[in-house]
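Trainee: What follows is entry35.cif, made up of mmCIF, C-alpha atoms and all ligand atoms:
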data_entry
loop_
_atom_site.label_atom_id
_atom_site.label_comp_id
_atom_site.auth_asym_id
_atom_site.auth_seq_id
_atom_site.Cartn_x
_atom_site.Cartn_y
_atom_site.Cartn_z
CA MET A 4 16.51 -48.02 -47.36
CA LYS A 5 19.75 -46.78 -45.92
CA THR A 6 18.79 -46.76 -42.26
CA GLY A 7 17.18 -50.18 -42.55
CA ALA A 8 20.31 -51.66 -44.11
CA ALA A 9 22.54 -50.13 -41.45
CA ALA A 10 20.36 -51.39 -38.64
CA ARG A 11 20.09 -54.85 -40.14
CA ALA A 12 23.85 -55.10 -40.46
CA ALA A 13 24.17 -55.02 -36.68
CA VAL A 14 21.71 -57.82 -36.09
CA PRO A 15 23.86 -60.88 -36.95
CA ASP A 16 25.95 -60.26 -33.79
CA SER A 17 22.87 -60.85 -31.68
CA GLY A 18 22.42 -64.27 -33.25
CA ILE A 19 18.90 -63.56 -34.43
CA GLU A 20 18.00 -63.52 -38.10
CA GLY A 21 17.51 -59.90 -39.18
CA PRO A 22 14.16 -59.92 -41.00
CA GLY A 23 12.71 -62.35 -38.45
CA LEU A 24 13.58 -60.04 -35.59
CA TYR A 25 12.04 -57.04 -37.30
CA GLN A 26 8.87 -58.87 -38.01
CA LEU A 27 8.66 -60.07 -34.42
CA LEU A 28 9.36 -56.58 -33.12
CA VAL A 29 6.71 -54.88 -35.20
CA GLU A 30 4.14 -57.58 -34.63
CA SER A 31 4.63 -57.56 -30.88
CA VAL A 32 4.32 -53.84 -30.28
CA ARG A 33 0.99 -53.22 -28.55
CA ASP A 34 1.17 -49.49 -27.93
CA TYR A 35 1.46 -48.47 -31.55
CA ALA A 36 -0.51 -49.63 -34.56
CA ILE A 37 2.23 -50.31 -37.12
CA PHE A 38 1.22 -51.53 -40.54
CA ALA A 39 2.02 -51.15 -44.20
CA LEU A 40 -0.11 -49.92 -47.06
CA ASP A 41 0.56 -50.57 -50.72
CA ALA A 42 1.12 -47.64 -53.04
CA LYS A 43 -2.64 -47.21 -53.48
CA GLY A 44 -3.42 -47.28 -49.76
CA TYR A 45 -4.58 -50.89 -49.31
CA VAL A 46 -3.56 -52.57 -46.04
CA VAL A 47 -0.86 -55.22 -46.51
CA THR A 48 0.38 -55.94 -42.96
CA TRP A 49 -1.14 -55.66 -39.50
CA ASN A 50 0.31 -55.83 -35.97
CA ARG A 51 -1.08 -56.41 -32.50
CA GLY A 52 -1.22 -52.73 -31.66
CA ALA A 53 -3.33 -52.15 -34.76
CA GLU A 54 -5.62 -55.00 -33.79
CA ARG A 55 -5.94 -53.58 -30.29
CA PHE A 56 -6.72 -49.99 -31.36
CA LYS A 57 -8.90 -50.64 -34.34
CA GLY A 58 -10.60 -53.90 -33.44
CA TYR A 59 -9.87 -55.72 -36.71
CA LYS A 60 -8.06 -59.08 -36.90
CA ALA A 61 -5.41 -59.21 -39.61
CA HIS A 62 -7.54 -61.38 -41.93
CA GLU A 63 -10.47 -58.94 -41.64
CA ILE A 64 -8.55 -55.89 -42.76
CA ILE A 65 -5.67 -56.94 -44.99
CA GLY A 66 -6.68 -56.05 -48.53
CA LYS A 67 -9.07 -53.28 -47.44
CA HIS A 68 -8.38 -49.62 -48.18
CA PHE A 69 -7.11 -47.58 -45.22
CA SER A 70 -9.88 -45.00 -45.73
CA THR A 71 -11.97 -47.53 -43.74
CA PHE A 72 -10.36 -46.04 -40.62
CA TYR A 73 -11.61 -42.52 -41.26
CA PRO A 74 -14.95 -41.11 -40.17
CA PRO A 75 -17.39 -40.53 -43.06
CA GLU A 76 -16.78 -36.78 -43.16
CA ASP A 77 -13.04 -37.35 -43.81
CA ALA A 78 -13.04 -40.67 -45.68
CA ASP A 79 -13.08 -39.21 -49.19
CA THR A 80 -10.70 -36.30 -48.72
CA LYS A 81 -8.11 -37.00 -46.03
CA PRO A 82 -6.69 -40.40 -47.10
CA PRO A 83 -5.73 -39.41 -50.68
CA LEU A 84 -4.41 -36.07 -49.45
CA GLU A 85 -2.25 -37.71 -46.79
CA LEU A 86 -0.82 -40.24 -49.23
CA ALA A 87 -0.09 -37.49 -51.73
CA ILE A 88 1.79 -35.44 -49.11
CA ALA A 89 3.69 -38.51 -47.85
CA GLU A 90 4.67 -39.39 -51.42
CA LYS A 91 5.82 -35.87 -52.18
CA GLU A 92 7.53 -35.01 -48.89
CA GLY A 93 8.47 -38.41 -47.54
CA ARG A 94 6.11 -38.29 -44.55
CA VAL A 95 2.94 -36.78 -43.20
CA GLU A 96 1.67 -36.44 -39.65
CA ASP A 97 -1.91 -35.92 -38.59
CA GLU A 98 -3.96 -35.97 -35.42
CA GLY A 99 -7.66 -36.58 -35.59
CA TRP A 100 -10.62 -38.84 -35.11
CA ARG A 101 -10.53 -42.35 -36.56
CA VAL A 102 -13.14 -45.08 -36.46
CA ARG A 103 -12.83 -48.52 -34.87
CA LYS A 104 -14.42 -51.65 -36.27
CA ASP A 105 -17.33 -51.29 -33.84
CA GLY A 106 -17.96 -47.73 -35.06
CA SER A 107 -16.59 -46.02 -31.95
CA ARG A 108 -14.08 -43.23 -32.45
CA LEU A 109 -10.51 -42.93 -31.31
CA TRP A 110 -8.34 -39.85 -31.32
CA ALA A 111 -5.15 -40.85 -33.10
CA ASN A 112 -1.78 -39.44 -33.91
CA VAL A 113 -0.83 -40.84 -37.30
CA ILE A 114 2.48 -40.79 -39.15
CA ILE A 115 2.58 -42.05 -42.71
CA THR A 116 6.00 -42.58 -44.28
CA ALA A 117 6.57 -43.32 -47.97
CA LEU A 118 8.46 -46.59 -48.65
CA ARG A 119 10.64 -46.66 -51.79
CA ASP A 120 12.72 -49.39 -53.33
CA PRO A 121 16.45 -48.81 -54.01
CA SER A 122 15.62 -47.36 -57.42
CA GLY A 123 13.38 -44.79 -55.73
CA LYS A 124 10.09 -46.25 -56.89
CA LEU A 125 7.20 -45.91 -54.42
CA ILE A 126 6.23 -49.35 -53.17
CA GLY A 127 3.90 -48.36 -50.38
CA PHE A 128 3.61 -46.61 -47.04
CA ALA A 129 4.39 -47.38 -43.41
CA LYS A 130 1.73 -46.18 -41.04
CA VAL A 131 2.33 -45.72 -37.31
CA THR A 132 -0.63 -44.76 -35.18
CA ARG A 133 -0.84 -43.85 -31.49
CA ASP A 134 -4.15 -43.95 -29.63
CA LEU A 135 -4.48 -40.62 -27.78
CA THR A 136 -8.18 -40.92 -27.05
CA GLU A 137 -7.83 -40.76 -23.28
CA ARG A 138 -5.53 -37.77 -23.41
CA ARG A 139 -7.85 -36.04 -25.86
CA LEU A 140 -10.93 -36.71 -23.75
CA ALA A 141 -9.15 -35.47 -20.63
CA GLU A 142 -8.15 -32.29 -22.49
CA GLN A 143 -11.66 -31.76 -23.78
CA LYS A 144 -13.11 -32.32 -20.33
CA ALA A 145 -10.68 -29.87 -18.75
CA LEU A 146 -11.55 -27.32 -21.41
CA ALA A 147 -15.30 -27.87 -20.98
CA ASP A 148 -14.97 -27.60 -17.20
CA ALA A 149 -13.01 -24.37 -17.47
CA THR A 150 -15.50 -22.93 -19.95
CA ARG A 151 -18.45 -23.86 -17.77
CA LEU A 152 -16.82 -22.36 -14.70
CA ALA A 153 -16.13 -19.14 -16.56
CA GLU A 154 -19.72 -19.02 -17.77
CA VAL A 155 -21.10 -19.62 -14.30
CA GLU A 156 -18.87 -16.90 -12.88
CA ALA A 157 -19.88 -14.46 -15.59
CA ALA A 158 -23.56 -15.27 -15.07
CA ASN A 159 -23.23 -14.80 -11.31
CA ARG A 160 -21.49 -11.49 -11.78
CA ALA A 161 -24.14 -10.34 -14.24
CA LYS A 162 -26.87 -11.38 -11.82
CA ALA A 163 -25.25 -9.60 -8.88
CA ASP A 164 -24.68 -6.45 -10.95
CA PHE A 165 -28.27 -6.54 -12.16
CA LEU A 166 -29.63 -6.96 -8.63
CA ALA A 167 -27.45 -4.15 -7.35
CA ALA A 168 -28.51 -1.79 -10.13
CA MET A 169 -32.18 -2.70 -9.79
CA SER A 170 -32.28 -2.36 -6.03
CA HIS A 171 -30.59 0.98 -6.27
CA GLU A 172 -33.08 2.23 -8.87
CA LEU A 173 -36.02 1.00 -6.77
CA ARG A 174 -34.89 2.77 -3.65
CA THR A 175 -35.12 6.26 -5.08
CA PRO A 176 -38.88 6.26 -5.87
CA LEU A 177 -39.57 4.32 -2.68
CA ASN A 178 -37.92 6.99 -0.60
CA ALA A 179 -40.05 9.56 -2.40
CA ILE A 180 -43.22 7.58 -1.59
CA GLY A 181 -42.24 7.45 2.08
CA GLY A 182 -41.27 11.10 2.20
CA TYR A 183 -44.46 12.42 0.60
CA ALA A 184 -46.67 10.16 2.71
CA GLU A 185 -44.98 11.55 5.83
CA LEU A 186 -45.53 15.09 4.58
CA LEU A 187 -49.24 14.46 4.05
CA LYS A 188 -49.54 12.82 7.44
CA MET A 189 -47.98 15.83 9.10
CA GLY A 190 -50.72 17.96 7.58
CA VAL A 191 -48.29 20.07 5.57
CA ARG A 192 -50.61 19.93 2.54
CA GLY A 193 -53.76 20.56 4.50
CA GLU A 194 -55.70 18.94 7.24
CA VAL A 195 -55.97 15.12 7.31
CA ASN A 196 -58.71 13.25 9.11
CA GLU A 197 -58.14 10.18 11.29
CA GLN A 198 -59.04 7.71 8.55
CA GLN A 199 -56.72 9.36 6.06
CA LYS A 200 -54.00 9.29 8.69
CA GLU A 201 -54.45 5.55 9.14
CA ASP A 202 -54.25 5.01 5.41
CA LEU A 203 -51.11 7.09 5.22
CA GLU A 204 -49.70 5.09 8.11
CA ARG A 205 -50.30 1.91 6.10
CA ILE A 206 -48.62 3.40 3.06
CA VAL A 207 -45.59 4.29 5.16
CA MET A 208 -45.45 0.80 6.71
CA SER A 209 -45.60 -0.89 3.34
CA GLN A 210 -42.99 1.48 2.03
CA ARG A 211 -40.66 0.59 4.92
CA HIS A 212 -41.27 -3.08 4.43
CA LEU A 213 -40.47 -2.88 0.74
CA LEU A 214 -37.40 -0.78 1.48
CA GLY A 215 -36.23 -3.47 3.91
CA ILE A 216 -36.55 -6.15 1.27
CA ILE A 217 -34.72 -4.05 -1.29
CA ASN A 218 -31.95 -3.31 1.17
CA ASP A 219 -31.61 -7.05 1.71
CA LEU A 220 -31.34 -7.58 -2.02
CA LEU A 221 -28.80 -4.82 -2.38
CA ASN A 222 -26.79 -6.18 0.52
CA PHE A 223 -26.90 -9.67 -0.84
CA SER A 224 -25.90 -8.69 -4.36
CA ARG A 225 -23.05 -6.58 -3.01
CA ILE A 226 -21.76 -9.51 -1.00
CA GLU A 227 -22.13 -11.80 -3.99
CA ALA A 228 -20.25 -9.36 -6.18
CA GLY A 229 -17.50 -9.17 -3.55
CA LYS A 230 -18.17 -5.47 -3.10
CA ILE A 231 -18.45 -5.47 0.67
CA SER A 232 -15.59 -4.17 2.73
CA TYR A 233 -15.12 -4.96 6.39
CA ALA A 234 -13.99 -2.43 8.95
CA VAL A 235 -12.30 -4.93 11.23
CA GLU A 236 -11.60 -3.89 14.83
CA PRO A 237 -11.95 -5.31 18.34
CA VAL A 238 -15.67 -5.82 18.97
CA ASN A 239 -16.95 -6.20 22.49
CA LEU A 240 -19.60 -8.93 22.20
CA PRO A 241 -21.43 -8.27 25.51
CA GLU A 242 -22.02 -4.70 24.32
CA VAL A 243 -23.33 -5.86 20.97
CA LEU A 244 -25.69 -8.32 22.65
CA ASP A 245 -27.07 -5.60 24.91
CA ALA A 246 -27.67 -3.34 21.95
CA VAL A 247 -29.44 -6.11 20.03
CA ILE A 248 -31.64 -7.01 22.99
CA GLN A 249 -32.71 -3.38 23.28
CA MET A 250 -33.54 -3.17 19.61
CA ILE A 251 -35.47 -6.41 19.54
CA GLY A 252 -37.37 -5.60 22.75
CA PRO A 253 -40.48 -3.96 21.27
CA LEU A 254 -40.95 -6.74 18.70
CA ALA A 255 -40.65 -9.40 21.42
CA THR A 256 -42.98 -7.61 23.82
CA ALA A 257 -45.58 -7.22 21.09
CA LYS A 258 -45.51 -11.00 20.60
CA ASN A 259 -45.34 -11.79 24.31
CA ILE A 260 -41.93 -13.38 24.04
CA GLU A 261 -39.31 -13.08 26.71
CA VAL A 262 -35.81 -12.17 25.58
CA ARG A 263 -33.21 -13.38 28.05
CA ARG A 264 -29.61 -12.35 28.28
CA GLY A 265 -27.67 -15.54 29.02
CA ASP A 266 -24.05 -15.71 30.12
CA CYS A 267 -21.70 -13.44 28.30
CA LEU A 268 -18.43 -12.77 30.02
CA ALA A 269 -17.12 -9.24 29.97
CA GLY A 270 -14.01 -9.11 27.84
CA THR A 271 -15.28 -11.50 25.17
CA ILE A 272 -13.84 -9.64 22.27
CA ALA A 273 -14.01 -10.52 18.61
CA ILE A 274 -11.94 -9.20 15.75
CA ALA A 275 -14.68 -8.21 13.33
CA ASP A 276 -16.77 -5.45 11.80
CA ARG A 277 -19.05 -4.26 14.61
CA ALA A 278 -21.95 -3.09 12.42
CA LYS A 279 -21.99 -6.40 10.58
CA VAL A 280 -21.86 -8.46 13.77
CA GLU A 281 -24.80 -6.43 15.00
CA GLN A 282 -26.64 -6.94 11.74
CA ILE A 283 -26.17 -10.72 11.97
CA ILE A 284 -27.29 -10.99 15.58
CA ILE A 285 -30.32 -8.73 15.02
CA ASN A 286 -31.27 -10.96 12.12
CA LEU A 287 -30.93 -14.10 14.26
CA ALA A 288 -32.82 -12.58 17.16
CA SER A 289 -35.68 -11.24 15.05
CA ASN A 290 -35.97 -14.62 13.33
CA ALA A 291 -36.04 -16.29 16.75
CA VAL A 292 -38.89 -13.98 17.83
CA SER A 293 -40.73 -14.49 14.54
CA TYR A 294 -40.54 -18.27 14.58
CA THR A 295 -41.47 -18.69 18.23
CA GLU A 296 -45.04 -18.84 19.51
CA ALA A 297 -46.34 -16.37 22.09
CA GLY A 298 -45.13 -17.21 25.58
CA GLY A 299 -41.82 -18.55 24.29
CA THR A 300 -38.30 -17.52 25.21
CA VAL A 301 -35.37 -16.30 23.19
CA THR A 302 -31.93 -16.46 24.79
CA VAL A 303 -28.89 -14.52 23.68
CA GLU A 304 -25.46 -15.44 25.07
CA CYS A 305 -21.80 -15.39 24.20
CA GLY A 306 -18.49 -16.96 25.12
CA ALA A 307 -14.97 -17.73 24.03
CA ASP A 308 -13.23 -20.93 23.11
CA GLY A 309 -9.56 -21.00 22.13
CA ASP A 310 -8.95 -18.51 19.35
CA ARG A 311 -12.69 -18.08 18.66
CA VAL A 312 -15.57 -16.27 20.24
CA TRP A 313 -19.19 -17.19 19.76
CA ALA A 314 -22.56 -15.53 20.06
CA ARG A 315 -25.61 -17.74 20.35
CA VAL A 316 -29.30 -17.06 19.83
CA SER A 317 -31.61 -19.87 20.94
CA ASP A 318 -35.37 -20.16 20.98
CA ASN A 319 -37.96 -22.72 21.96
CA GLY A 320 -40.04 -22.03 18.88
CA ILE A 321 -41.22 -24.04 15.90
CA GLY A 322 -37.79 -25.39 14.99
CA ILE A 323 -36.56 -26.60 11.61
CA SER A 324 -36.66 -30.13 10.26
CA ALA A 325 -33.33 -31.89 9.70
CA GLU A 326 -33.66 -31.97 5.91
CA LYS A 327 -34.26 -28.20 5.73
CA LEU A 328 -31.38 -27.24 7.99
CA GLU A 329 -28.78 -26.53 5.31
CA ALA A 330 -31.30 -25.10 2.86
CA ILE A 331 -32.24 -22.20 5.12
CA PHE A 332 -28.85 -20.61 4.40
CA GLU A 333 -29.57 -20.64 0.69
CA PRO A 334 -30.78 -17.32 -0.72
CA PHE A 335 -34.57 -16.98 -1.06
CA VAL A 336 -35.28 -20.18 0.87
CA GLN A 337 -38.11 -19.94 3.34
CA VAL A 338 -39.43 -22.87 5.27
CA GLY A 339 -42.91 -23.04 6.65
CA ARG A 340 -43.96 -19.72 5.19
CA THR A 341 -47.59 -20.74 5.62
CA LEU A 342 -47.34 -20.73 9.40
CA SER A 343 -48.84 -17.50 10.56
CA THR A 344 -45.59 -16.20 11.95
CA GLY A 345 -46.39 -12.68 10.94
CA HIS A 346 -42.90 -12.51 9.46
CA HIS A 347 -42.56 -11.50 5.86
CA GLY A 348 -38.91 -11.61 4.97
CA THR A 349 -37.17 -12.27 1.71
CA GLY A 350 -35.46 -15.50 2.69
CA LEU A 351 -32.19 -13.62 2.34
CA GLY A 352 -31.46 -12.86 5.98
CA LEU A 353 -29.58 -16.05 6.80
CA ALA A 354 -27.81 -16.17 3.45
CA ILE A 355 -26.54 -12.64 4.05
CA SER A 356 -25.67 -13.39 7.67
CA ARG A 357 -23.62 -16.45 6.80
CA ASP A 358 -21.85 -14.66 3.96
CA LEU A 359 -21.01 -11.77 6.27
CA ALA A 360 -19.80 -14.16 8.99
CA ARG A 361 -17.54 -15.95 6.54
CA GLY A 362 -16.37 -12.64 5.13
CA MET A 363 -15.04 -11.93 8.62
CA LYS A 364 -13.33 -15.34 8.81
CA GLY A 365 -16.08 -16.66 11.02
CA ASP A 366 -19.10 -18.86 10.42
CA LEU A 367 -22.77 -19.26 11.20
CA ALA A 368 -24.18 -22.65 12.16
CA VAL A 369 -27.54 -23.98 13.28
CA GLU A 370 -28.86 -26.82 15.36
CA SER A 371 -32.56 -27.38 15.51
CA ARG A 372 -35.35 -29.84 16.12
CA LEU A 373 -38.78 -29.48 14.64
CA GLY A 374 -41.21 -28.42 17.36
CA GLU A 375 -38.51 -27.90 19.98
CA GLY A 376 -36.57 -24.85 18.92
CA SER A 377 -33.41 -23.66 17.22
CA VAL A 378 -29.91 -22.60 18.20
CA PHE A 379 -27.92 -20.34 15.87
CA THR A 380 -24.24 -19.89 16.66
CA LEU A 381 -22.08 -17.18 15.16
CA THR A 382 -18.34 -17.78 15.58
CA LEU A 383 -15.69 -15.14 14.96
CA PRO A 384 -11.95 -14.79 15.42
CA ARG A 385 -11.07 -13.82 18.97
CA ARG A 386 -8.87 -10.97 20.03
CA LEU A 387 -6.25 -12.82 21.99
CA LYS A 388 -3.93 -10.09 23.14
CA PRO A 389 -5.85 -7.47 25.10
CA GLU A 390 -4.45 -4.07 24.33
CA ALA A 391 -4.19 -1.41 26.91
CA THR A 392 -7.54 0.14 26.03
CA GLY A 393 -10.49 0.48 28.27
CA ASP A 394 -12.16 -2.79 27.19
CA ARG A 395 -14.13 -4.40 29.92
P1 LIG B 1 -36.72 -14.97 6.20
O1 LIG B 1 -36.71 -14.95 7.69
O2 LIG B 1 -36.73 -13.64 5.57
O3 LIG B 1 -37.71 -15.92 5.62
P2 LIG B 1 -34.09 -16.04 6.57
O4 LIG B 1 -32.97 -16.28 5.60
O5 LIG B 1 -33.81 -15.17 7.73
O6 LIG B 1 -35.29 -15.52 5.73
O7 LIG B 1 -34.58 -17.45 7.09
C1 LIG B 1 -34.81 -18.50 6.18
C2 LIG B 1 -35.80 -19.49 6.74
O8 LIG B 1 -35.22 -20.19 7.83
C3 LIG B 1 -37.04 -18.85 7.31
O9 LIG B 1 -38.01 -18.64 6.31
C4 LIG B 1 -37.50 -19.88 8.32
O10 LIG B 1 -38.24 -20.88 7.69
C5 LIG B 1 -36.20 -20.51 8.80
N1 LIG B 1 -35.79 -19.97 10.11
C6 LIG B 1 -34.89 -19.00 10.34
N2 LIG B 1 -34.72 -18.79 11.66
C7 LIG B 1 -35.53 -19.66 12.29
C8 LIG B 1 -35.82 -19.96 13.69
N3 LIG B 1 -35.21 -19.30 14.69
N4 LIG B 1 -36.71 -20.94 13.94
C9 LIG B 1 -37.31 -21.61 12.94
N5 LIG B 1 -37.09 -21.38 11.62
C10 LIG B 1 -36.22 -20.42 11.31
#
Kindly present the structure from the file in C-alpha cells form.
Mentor:
Amino acid sequence: MKTGAAARAAVPDSGIEGPGLYQLLVESVRDYAIFALDAKGYVVTWNRGAERFKGYKAHEIIGKHFSTFYPPEDADTKPPLELAIAEKEGRVEDEGWRVRKDGSRLWANVIITALRDPSGKLIGFAKVTRDLTERRLAEQKALADATRLAEVEAANRAKADFLAAMSHELRTPLNAIGGYAELLKMGVRGEVNEQQKEDLERIVMSQRHLLGIINDLLNFSRIEAGKISYAVEPVNLPEVLDAVIQMIGPLATAKNIEVRRGDCLAGTIAIADRAKVEQIIINLASNAVSYTEAGGTVTVECGADGDRVWARVSDNGIGISAEKLEAIFEPFVQVGRTLSTGHHGTGLGLAISRDLARGMKGDLAVESRLGEGSVFTLTLPRRLKPEATGDR
C-alpha cells in the first residue's frame, strides 16, 4: 500500500525496524480493537484492545470467523454485507451492538478496510473497533429520562385538565340542587312543615359540603395546571388575621375552643395576594379548630423577620406524628381520619395552601408533636419600603 510504504520509509531514521515497530504499535493499543481478517472474514491477528473489548485471548479467536462478534439477529446478514461493501468501496463503517465472549453486549463503532496486495488482489481486511458502550448507555439513559419526564408532565397536565373540567361540570347541577332546595324551604312552592324544612336544611348542608369539596378540587387542579394568577399588592397581615378570627369564631365557639389573637405588630405588611393569604390562614385556622379537642386554644399571630413576614396558627390539639409531617402537604392525604374530629375535608387544604404560598414566593411549614399540638407558619415576602399610603 502506498501510505504504508511512505510511512515505513521514515522509520529507519528512528533506529527501530519498521515492521517490528508497527507490530508493537498495533499490539499495544488498548483503546481500539485492531485486527486483521482474511479475505473470507476469518480472524488472523489480534491486539490487546481487541482482547480487552471482546474478552477473547488471541489463541481463542484466531481462525474463527468474525461473525462470532455479532448478535444472533445480525450474524448471518451483517458480516457478509459489510465485507462486500468494504471490498467494493474500500471501506465500511458501522455502529451497532456486538457480543463479547461472555455473551454481554457492547456498542461498537467499527471500520473495516479492504487490504490489497500491490497487484490489487484482495488479501483480507483490517478491522478497527471502538467500544462506545458507555457513551451509548448514557445517551439511552438521557433519552429515556427525557421521555419519562415528558410523559409524566403530559399525564399531570391531562389529570389537572380532567379535574378542572369535571369539577366545573359538577358545580352546575349542584348549584341547581342548592337553589331549588332553598326555594322549597322558603315555601315558594307551597307550605312546608317543620320536618320537611329540616330535611331541606340537610339537603342544603350536604350540597354546600359537596360544593366545598369540588371547589377545593377545582382550585387544586387550577394550581397544578399553572392556571392561577396572583394579584400581588401590599397586604396588611394584622387586618387579615382579624378577618380570619371573625370568620372562624362561630366554628370555634360551637366546639368550645378559644381563638386567641397573639402578637401581631401593626405595619407587618406582606407583598402577596390578599384573598389567597386569607384563604391559607382560614384553612390553617379551621384545621386547628377541627383537630383540637373541646376546651383547647388556637392562637393566631404574625411578625416580621428581615425581608420576610410570617403568620402563625398554633393549637394545643391532637398534633401530628413526626413521620406524617411531610405527608400532610401531599394532596388527598389525611391523617387520623378516624378520630371523631367532625371535620370532613378532602385532604387538599394543605396541599393547596402550600402551593399558593409558594406561588407567592413564600412557604408553609409545620412543627408538631403528637398529643401536644401543631404550629403552622406561613412566610411571605415583606414590603420593605413603606409607601406614603395610610397603612398602619
Ligand atoms: P383535610 O383537613 O381536608 O383532611 P388538609 O390538607 O387540610 O386536609 O390536612 C391534611 C391532614 O393534616 C388532615 O387530615 C389532618 O390529619 C392533618 N392536620 C392538618 N392540620 C392539623 C392540625 N392543626 N392538627 C393536627 N392535624 C392536622
Trainee: Could you please determine the separation between CA of Thr48 (chain A) and CA of Glu98 (chain A) in Å, to one decimal place?
Mentor: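 Separating CA of Thr48 (chain A) from CA of Glu98 (chain A) is a distance of 21.8 Å.
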Trainee: I'd like the contact shell of region 248-261 of chain A - 9 Å cut-off, only C-alpha atoms, skipping same-chain residues fewer than 6 positions apart - returned as a ChimeraX atom specification.
Mentor: /A:285,288-289,292-293,295-303
Trainee: Can you tell me which residues surround Leu214 (chain A) at a distance of at most 10 Å, considering only C-alpha atoms, apart from same-chain residues fewer than 5 positions away, and format the answer as a PDB file with C-alpha atoms, in the coordinates of the input?
Mentor:
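Generated file (out-v3.pdb):
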ATOM      1  CA  SER A 170     -32.280  -2.360  -6.030  1.00  0.00           C
ATOM      2  CA  LEU A 173     -36.020   1.000  -6.770  1.00  0.00           C
ATOM      3  CA  ARG A 174     -34.890   2.770  -3.650  1.00  0.00           C
ATOM      4  CA  THR A 175     -35.120   6.260  -5.080  1.00  0.00           C
ATOM      5  CA  LEU A 177     -39.570   4.320  -2.680  1.00  0.00           C
ATOM      6  CA  ASN A 178     -37.920   6.990  -0.600  1.00  0.00           C
ATOM      7  CA  GLY A 181     -42.240   7.450   2.080  1.00  0.00           C
ATOM      8  CA  MET A 208     -45.450   0.800   6.710  1.00  0.00           C
ATOM      9  CA  SER A 209     -45.600  -0.890   3.340  1.00  0.00           C
ATOM     10  CA  ASP A 219     -31.610  -7.050   1.710  1.00  0.00           C
ATOM     11  CA  LEU A 220     -31.340  -7.580  -2.020  1.00  0.00           C
TER      12      LEU A 220
END
Trainee: Looking at all atoms listed in the file, which of A:Asn222, A:Val312, A:Glu236, A:Arg385 is the one that sits closest to Asp358 (chain A)?
Mentor: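 Residue with the minimum atom-to-atom distance to Asp358 (chain A): A:Asn222.
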Trainee: What does the distance between CA of Ala87 (chain A) and CA of Lys60 (chain A) come to in Å, to one decimal place?
Mentor: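 Value for the CA of Ala87 (chain A)-CA of Lys60 (chain A) distance: 27.4 Å.
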Trainee: What's the separation between CA of Ser122 (chain A) and CA of Asp41 (chain A), in Å to one decimal place?
Mentor: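 Value for the CA of Ser122 (chain A)-CA of Asp41 (chain A) distance: 16.8 Å.
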Trainee: Nearest residue to Gly352 (chain A) out of A:Ser232, A:Gln282, A:Leu387, A:Ala157, using all atoms listed in the file?
Mentor: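 The shortest atom-to-atom distance to Gly352 (chain A) comes from A:Gln282.
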Trainee: Name all residues at most 10 Å from region 200-202 of chain A (count all atoms listed in the file; drop same-chain ones fewer than 6 positions away) and give them as a list in words.
Mentor: Ala184, Glu185, Leu187, Lys188, Met189, Gly190, Glu194 and Met208 of chain A
Trainee: For a quick check of understanding, using all atoms listed in the file, which of A:Pro74, A:Gly376, A:Gly58, A:Gly229 has the smallest distance to ligand LIG 1 (chain B)?
Mentor: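 Ranking A:Pro74, A:Gly376, A:Gly58, A:Gly229 by distance to ligand LIG 1 (chain B), first place goes to A:Gly376.
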Trainee: Which centre and which edge lengths, in Å to one decimal, describe the axis-aligned box that holds all listed atoms of ligand LIG 1 (chain B) after 6 Å is added on each side, as AutoDock Vina command-line options?
Mentor:
--center_x -35.6 --center_y -17.6 --center_z 10.1 --size_x 17.3 --size_y 20.0 --size_z 21.1
Trainee: If we count all atoms listed in the file, what is near Asp79 (chain A) at a cut-off of 12 Å, once residues fewer than 5 positions away on the same chain are taken out, given as a list in words?
Mentor: His68, Phe69, Ser70, Thr71, Phe72, Tyr73, Pro74, Leu84 and Glu85 of chain A
Trainee: Of the candidates A:Glu54, A:Glu227, A:Glu329, A:Glu172, which one gets nearest to Ile355 (chain A) if we count only C-alpha atoms?
Mentor: A:Glu227
Trainee: List as number ranges by chain the protein and nucleic acid residues near Ala111 (chain A), meaning an atom at most 12 Å away when all atoms listed in the file are counted, but skip any in the same chain fewer than 2 places from it.
Mentor: A: 34-36, 53, 56-57, 72-73, 96-103, 108-109, 113-114, 130-140
Trainee: Of the candidates A:Ile274, A:Val369, A:Val247, A:Ile216, which one gets nearest to Glu304 (chain A) if we count only C-alpha atoms?
Mentor: A:Val247
Trainee: Between A:Gly320, A:Ala168, A:Leu24, A:Val191, which is the closest to Arg225 (chain A) once you count only C-alpha atoms?
Mentor: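 Nearest to Arg225 (chain A): A:Ala168.
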Trainee: Do you know which residues lie at most 12 Å from (-28.9, -20.2, 15.7), with coordinates as in the file and all atoms listed in the file counted, and could you write them as a compact mmCIF listing (two decimals) with C-alpha atoms, in the frame of the given file?
Mentor:
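Saved to result21.txt:
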# COMPACT_ATOMS: atom_id res chain seq x y z
CA ILE A 283 -26.17 -10.72 11.97
CA ILE A 284 -27.29 -10.99 15.58
CA ILE A 285 -30.32 -8.73 15.02
CA ASN A 286 -31.27 -10.96 12.12
CA LEU A 287 -30.93 -14.10 14.26
CA ALA A 288 -32.82 -12.58 17.16
CA SER A 289 -35.68 -11.24 15.05
CA ASN A 290 -35.97 -14.62 13.33
CA ALA A 291 -36.04 -16.29 16.75
CA VAL A 292 -38.89 -13.98 17.83
CA TYR A 294 -40.54 -18.27 14.58
CA VAL A 301 -35.37 -16.30 23.19
CA THR A 302 -31.93 -16.46 24.79
CA VAL A 303 -28.89 -14.52 23.68
CA GLU A 304 -25.46 -15.44 25.07
CA TRP A 313 -19.19 -17.19 19.76
CA ALA A 314 -22.56 -15.53 20.06
CA ARG A 315 -25.61 -17.74 20.35
CA VAL A 316 -29.30 -17.06 19.83
CA SER A 317 -31.61 -19.87 20.94
CA ASP A 318 -35.37 -20.16 20.98
CA ASN A 319 -37.96 -22.72 21.96
CA GLY A 320 -40.04 -22.03 18.88
CA GLY A 322 -37.79 -25.39 14.99
CA ILE A 323 -36.56 -26.60 11.61
CA LEU A 328 -31.38 -27.24 7.99
CA ILE A 331 -32.24 -22.20 5.12
CA PHE A 332 -28.85 -20.61 4.40
CA LEU A 353 -29.58 -16.05 6.80
CA SER A 356 -25.67 -13.39 7.67
CA ARG A 357 -23.62 -16.45 6.80
CA ASP A 366 -19.10 -18.86 10.42
CA LEU A 367 -22.77 -19.26 11.20
CA ALA A 368 -24.18 -22.65 12.16
CA VAL A 369 -27.54 -23.98 13.28
CA GLU A 370 -28.86 -26.82 15.36
CA SER A 371 -32.56 -27.38 15.51
CA ARG A 372 -35.35 -29.84 16.12
CA GLY A 376 -36.57 -24.85 18.92
CA SER A 377 -33.41 -23.66 17.22
CA VAL A 378 -29.91 -22.60 18.20
CA PHE A 379 -27.92 -20.34 15.87
CA THR A 380 -24.24 -19.89 16.66
CA LEU A 381 -22.08 -17.18 15.16
CA THR A 382 -18.34 -17.78 15.58
